[in-house]
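Asker: Quick one: the structure is below, and I'll ask about it shortly.
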Amino acid sequence: MSVEALPEETILSPFLQKLSRSAPLLFMGVLIFGALAWRPTTAPIELETLASAWHMHLRGALVPLRNGVAAPEIPPLLHWLILGGWQIFGVCEWWPRLVPALASIGTVILVGRTALVLWPHRAATPIFARLLLTGVGAFAVAMTMVEPQTVALPFILLSFHALSELWMSRPGFFRTLFGWILSAAAAALAVMAGGWSWALVPVLCAIGIWVLDEATRRERNAFLWLLGGIVISVLALAPAWLWLDRYGNPEQLIYFGNGWSDPATEASRGAAWTLLLLPVALYPWICWKTLWRALSRHLRETVGVGFRLCLAFLAASCVAGLVSGWQLVGQLAILCPLSLLGARLLATQEIKPKDFHAVVPGFFALFVGLIFFLMNIVPTAHLDAVWRQVFGAPLPIWLGGIGLISGLSLLVIGYILAQLSPSHQLSRTLQVAILPTLLMTSLNLEFDGNLRPFFDLTPVASRMKQLQDAGISVAVFSDYRGEFDFAGRLEMAPEPVPTRIAAARWADEHPAGAIVTYFDGSPLRLPALPMFRGVARDRWVAIWPASAIDGPDSPVLNSQF
């Protein structure tokens, strides 16, 4: 089929045409540089994954470890990629953070190719698809985090890409066979990266397109299409089943990943409420009226096969993400079908008269900048008192470290972007797509100047390392998942003691040991003098000698001072 261009695209300046094609990679380059240069590894998911990979490296193991104990239910692909890089570059922090960034680059490149497969007569859809994907808030955050679902994303998309080529082009026997094999292999890699639920995507896509496309149900080979989707999903589960058969229990395949009953990470334990933040994760496109206007116009026309196929992919990704147990992080895969659908809408959207279309998305950047600005003029103690009255919990201590520069920058740049009104659809999309990059860059700058002391766990972890090197046993009074292990290069994972009774028993068994506790409130009101005091994200941390714990009711185990 002939490739068409937007009428407005033919009159764009050469510079703007090149910019619209290179902008996604420019956005990603800025985000990757800012994360590697300024932001430390902060999220619990990142720290737990690094701790597991670190202990695997020390032991020469292939099975992921949790607190030094083999955990074959954790998908190992990300750990293997980290270990492979460490074999080449040595143990470092930048390589594990570069792995998801490289996976994200592959996802962005592939989403454009998939758009061209679905709509080969539209030259602009790959450009819009890549801009929409790199310009969504959830992708801007996840692409620089050591997190399994980001690594699974390109394989999920590749599996759908292979299915799309089969569906749209209907090739010969050998190309068809290759497409089915490629889809199954990609789905299997997605399972080994993110969990068993991603094997559902091929079969759900096959069922979805069969339901949505009436012409398919009338074809003689419709049943074969459904059967192919089932076979792909079964084959995608085979490597995980064989893995558990070797190192675990194959009957526990349903828990391979981040099951709801036994979450693989601290960050997703009991956090179903985070699904309510999905609209925030879809910023800024969810509040961009141009996209909603295009959707309203498109639904009044006949919906094409490619659009229906993307709807099936969206439903499959949503269901697989919900059953995965990864809560909000599990919904990361819906960004791919949403970007494809949005690209199709914008590629046929007529330009309206000039208006301030970015006012609503830009308002959010102004709001965040205003919060950063107010944090520097309102006393933190007053905010903490109000926060306790509203939420019944202390204010996260890192909020008091926010600086002034990022807030002023967001206020000024956000206001300027909201006032622009370009005349072309591509330039309008560029204007909105830059907002998440602006927000994340401002946040990364805050880490470099003000927030690093709160999120960098190296001081506390280094102290724990000194104690272990001196032969002192260390325990952590919490549901510990390894956040200090890699930061301090600990040879042994500290023993978690989740209850007061367990902490008192451990102190009796290790009278010369040390125990780490978290607490809120004032560090000046501690009941005794700890061996070390520091911060870990939003809480204070203290290291106590075991002799300071005289029983389950010991005041040093309190969570509030």
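A note on labels: chains of the structure tokens are A, B, ... as shown, every chain counts residues from 1, and ligands are counted from 1 in their shown order.
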For range 298-314 of chain A, list every protein, DNA or RNA residue within 6 Å, evaluated using only C-alpha atoms, and leave out those in the same chain fewer than 2 positions away; present the list as a list in words.
Answerer: Leu118, Cys205, Gly208, Ile209, Leu295, Ser296, Ala316, Ser317, Ile334 and Pro337 of chain A
Asker: Fewer than 5 positions away in the same chain doesn't count, so skip those; otherwise give me all residues within 10 Å of Phe160 in chain A, counting only C-alpha atoms, as a ChimeraX atom specification.
Answerer: /A:114,154-155,165-166,182-184,186-187,201-202,205,309-310,313,337
Asker: Any idea what's packed within 7 Å of Gly403 in chain A, counting only C-alpha atoms, ignoring anything in its chain fewer than 6 positions away? Could you give it as a PyMOL selection string?
Answerer: chain A and resi 376+446+450
Asker: Please identify the helix (DSSP H, G or I) residues within range 384-493 of chain A (assignment by DSSP from backbone atoms) and present them as a compact mmCIF listing (two decimals) with N, CA and C atoms, in the first residue's frame.
Answerer:
```txt
# COMPACT_ATOMS: atom_id res chain seq x y z
N ASP A 384 4.10 19.65 58.94
CA ASP A 384 4.06 18.35 59.58
C ASP A 384 2.86 18.23 60.51
N ALA A 385 2.56 19.30 61.22
CA ALA A 385 1.39 19.27 62.11
C ALA A 385 0.10 19.12 61.33
N VAL A 386 -0.03 19.84 60.22
CA VAL A 386 -1.23 19.72 59.38
C VAL A 386 -1.31 18.33 58.77
N TRP A 387 -0.18 17.80 58.31
CA TRP A 387 -0.15 16.48 57.70
C TRP A 387 -0.61 15.41 58.69
N ARG A 388 -0.17 15.52 59.94
CA ARG A 388 -0.58 14.55 60.96
C ARG A 388 -2.08 14.62 61.21
N GLN A 389 -2.65 15.82 61.19
CA GLN A 389 -4.07 15.95 61.42
C GLN A 389 -4.89 15.34 60.28
N VAL A 390 -4.40 15.48 59.06
CA VAL A 390 -5.15 15.01 57.90
C VAL A 390 -4.95 13.52 57.67
N PHE A 391 -3.68 13.06 57.70
CA PHE A 391 -3.38 11.69 57.34
C PHE A 391 -3.05 10.79 58.53
N ILE A 397 10.21 12.99 55.83
CA ILE A 397 11.24 13.94 56.21
C ILE A 397 11.96 14.55 55.02
N TRP A 398 11.94 13.85 53.86
CA TRP A 398 12.67 14.38 52.72
C TRP A 398 11.98 15.60 52.11
N LEU A 399 10.71 15.83 52.41
CA LEU A 399 10.03 17.01 51.87
C LEU A 399 10.67 18.30 52.38
N GLY A 400 11.27 18.24 53.57
CA GLY A 400 11.93 19.42 54.11
C GLY A 400 13.23 19.77 53.41
N GLY A 401 13.71 18.88 52.53
CA GLY A 401 14.97 19.15 51.84
C GLY A 401 14.80 19.69 50.44
N ILE A 405 15.27 26.15 43.42
CA ILE A 405 15.57 26.33 42.00
C ILE A 405 14.61 25.54 41.13
N SER A 406 14.38 24.27 41.48
CA SER A 406 13.51 23.43 40.64
C SER A 406 12.09 23.96 40.63
N GLY A 407 11.60 24.46 41.77
CA GLY A 407 10.25 25.01 41.81
C GLY A 407 10.10 26.22 40.93
N LEU A 408 11.06 27.12 40.98
CA LEU A 408 11.00 28.30 40.13
C LEU A 408 11.12 27.93 38.65
N SER A 409 11.97 26.95 38.36
CA SER A 409 12.12 26.52 36.96
C SER A 409 10.83 25.95 36.41
N LEU A 410 10.15 25.11 37.20
CA LEU A 410 8.88 24.54 36.75
C LEU A 410 7.83 25.62 36.57
N LEU A 411 7.79 26.59 37.47
CA LEU A 411 6.80 27.66 37.35
C LEU A 411 7.01 28.46 36.07
N VAL A 412 8.26 28.81 35.78
CA VAL A 412 8.54 29.65 34.62
C VAL A 412 8.37 28.87 33.32
N ILE A 413 9.03 27.71 33.23
CA ILE A 413 8.99 26.94 31.98
C ILE A 413 7.59 26.38 31.73
N GLY A 414 6.93 25.92 32.79
CA GLY A 414 5.57 25.41 32.63
C GLY A 414 4.61 26.48 32.14
N TYR A 415 4.77 27.69 32.64
CA TYR A 415 3.91 28.79 32.20
C TYR A 415 4.16 29.13 30.73
N ILE A 416 5.43 29.14 30.34
CA ILE A 416 5.75 29.45 28.94
C ILE A 416 5.19 28.39 28.00
N LEU A 417 5.36 27.10 28.35
CA LEU A 417 4.85 26.03 27.51
C LEU A 417 3.33 26.08 27.38
N ALA A 418 2.65 26.44 28.47
CA ALA A 418 1.18 26.49 28.43
C ALA A 418 0.68 27.61 27.52
N GLN A 419 1.48 28.64 27.32
CA GLN A 419 1.04 29.77 26.52
C GLN A 419 1.31 29.62 25.04
N GLN A 425 0.20 19.82 14.01
CA GLN A 425 -0.10 18.75 14.96
C GLN A 425 1.16 18.15 15.57
N LEU A 426 2.20 17.96 14.78
CA LEU A 426 3.44 17.41 15.31
C LEU A 426 4.07 18.34 16.33
N SER A 427 4.11 19.62 16.03
CA SER A 427 4.71 20.58 16.97
C SER A 427 3.85 20.69 18.23
N ARG A 428 2.54 20.55 18.11
CA ARG A 428 1.68 20.56 19.29
C ARG A 428 1.95 19.33 20.16
N THR A 429 2.10 18.20 19.52
CA THR A 429 2.39 16.97 20.28
C THR A 429 3.75 17.06 20.96
N LEU A 430 4.73 17.63 20.27
CA LEU A 430 6.04 17.85 20.89
C LEU A 430 5.93 18.74 22.11
N GLN A 431 5.11 19.77 22.02
CA GLN A 431 4.97 20.72 23.12
C GLN A 431 4.46 20.03 24.38
N VAL A 432 3.51 19.12 24.24
CA VAL A 432 2.96 18.43 25.40
C VAL A 432 3.87 17.29 25.85
N ALA A 433 4.52 16.61 24.90
CA ALA A 433 5.35 15.46 25.24
C ALA A 433 6.56 15.84 26.08
N ILE A 434 6.97 17.08 26.04
CA ILE A 434 8.17 17.48 26.78
C ILE A 434 7.89 17.68 28.27
N LEU A 435 6.62 17.75 28.66
CA LEU A 435 6.29 18.04 30.06
C LEU A 435 6.81 16.98 31.04
N PRO A 436 6.61 15.66 30.81
CA PRO A 436 7.18 14.68 31.75
C PRO A 436 8.70 14.75 31.84
N THR A 437 9.37 15.01 30.72
CA THR A 437 10.83 15.16 30.76
C THR A 437 11.22 16.36 31.61
N LEU A 438 10.46 17.45 31.51
CA LEU A 438 10.72 18.63 32.32
C LEU A 438 10.54 18.32 33.80
N LEU A 439 9.46 17.62 34.15
CA LEU A 439 9.20 17.30 35.56
C LEU A 439 10.27 16.37 36.12
N MET A 440 10.62 15.32 35.38
CA MET A 440 11.61 14.36 35.87
C MET A 440 13.00 14.99 35.96
N THR A 441 13.35 15.86 35.03
CA THR A 441 14.65 16.52 35.10
C THR A 441 14.73 17.44 36.31
N SER A 442 13.64 18.15 36.60
CA SER A 442 13.62 18.99 37.80
C SER A 442 13.77 18.15 39.06
N LEU A 443 13.11 16.98 39.08
CA LEU A 443 13.23 16.11 40.25
C LEU A 443 14.63 15.55 40.37
N ASN A 444 15.24 15.17 39.25
CA ASN A 444 16.62 14.67 39.29
C ASN A 444 17.58 15.73 39.80
N LEU A 445 17.36 16.98 39.40
CA LEU A 445 18.20 18.07 39.91
C LEU A 445 18.03 18.24 41.41
N GLU A 446 16.81 18.01 41.91
CA GLU A 446 16.58 18.10 43.35
C GLU A 446 17.38 17.03 44.09
N PHE A 447 17.46 15.83 43.49
CA PHE A 447 18.26 14.78 44.12
C PHE A 447 19.72 15.19 44.21
N ASP A 448 20.22 15.80 43.15
CA ASP A 448 21.63 16.18 43.13
C ASP A 448 21.94 17.23 44.18
N GLY A 449 21.05 18.17 44.36
CA GLY A 449 21.37 19.26 45.26
C GLY A 449 20.86 19.12 46.68
N ASN A 450 19.68 18.48 46.85
CA ASN A 450 19.05 18.53 48.16
C ASN A 450 18.55 17.19 48.69
N LEU A 451 18.05 16.32 47.84
CA LEU A 451 17.38 15.11 48.32
C LEU A 451 18.31 13.91 48.45
N ARG A 452 19.49 13.94 47.87
CA ARG A 452 20.38 12.78 47.92
C ARG A 452 20.66 12.31 49.35
N PRO A 453 20.92 13.19 50.34
CA PRO A 453 21.18 12.69 51.69
C PRO A 453 20.04 11.87 52.27
N PHE A 454 18.81 12.09 51.80
CA PHE A 454 17.67 11.34 52.33
C PHE A 454 17.51 9.98 51.64
N PHE A 455 17.86 9.90 50.37
CA PHE A 455 17.60 8.68 49.62
C PHE A 455 18.84 7.82 49.39
N THR A 458 23.85 4.75 51.40
CA THR A 458 25.25 4.34 51.55
C THR A 458 25.79 4.60 52.96
N PRO A 459 25.53 5.76 53.62
CA PRO A 459 26.07 5.95 54.97
C PRO A 459 25.62 4.89 55.96
N VAL A 460 24.32 4.57 55.97
CA VAL A 460 23.83 3.54 56.89
C VAL A 460 24.39 2.18 56.50
N ALA A 461 24.39 1.87 55.22
CA ALA A 461 24.87 0.57 54.76
C ALA A 461 26.36 0.41 55.03
N SER A 462 27.14 1.49 54.88
CA SER A 462 28.57 1.41 55.15
C SER A 462 28.83 1.10 56.62
N ARG A 463 28.04 1.68 57.49
CA ARG A 463 28.17 1.39 58.92
C ARG A 463 27.86 -0.07 59.21
N MET A 464 26.84 -0.60 58.57
CA MET A 464 26.50 -2.01 58.74
C MET A 464 27.63 -2.90 58.21
N LYS A 465 28.27 -2.47 57.12
CA LYS A 465 29.40 -3.21 56.57
C LYS A 465 30.56 -3.25 57.58
N GLN A 466 30.84 -2.13 58.23
CA GLN A 466 31.90 -2.08 59.23
C GLN A 466 31.62 -3.02 60.39
N LEU A 467 30.35 -3.08 60.81
CA LEU A 467 29.99 -3.98 61.91
C LEU A 467 30.17 -5.44 61.50
N GLN A 468 29.75 -5.79 60.29
CA GLN A 468 29.91 -7.17 59.84
C GLN A 468 31.39 -7.53 59.69
N ASP A 469 32.19 -6.60 59.19
CA ASP A 469 33.62 -6.87 59.05
C ASP A 469 34.28 -7.08 60.40
N ASP A 485 21.89 -4.05 51.26
CA ASP A 485 22.91 -5.03 50.91
C ASP A 485 23.86 -4.54 49.82
N PHE A 486 23.31 -4.06 48.71
CA PHE A 486 24.18 -3.62 47.62
C PHE A 486 24.84 -2.29 47.93
N ALA A 487 24.12 -1.38 48.59
CA ALA A 487 24.70 -0.07 48.90
C ALA A 487 25.93 -0.20 49.78
N GLY A 488 25.92 -1.17 50.70
CA GLY A 488 27.07 -1.36 51.58
C GLY A 488 27.96 -2.50 51.17
```
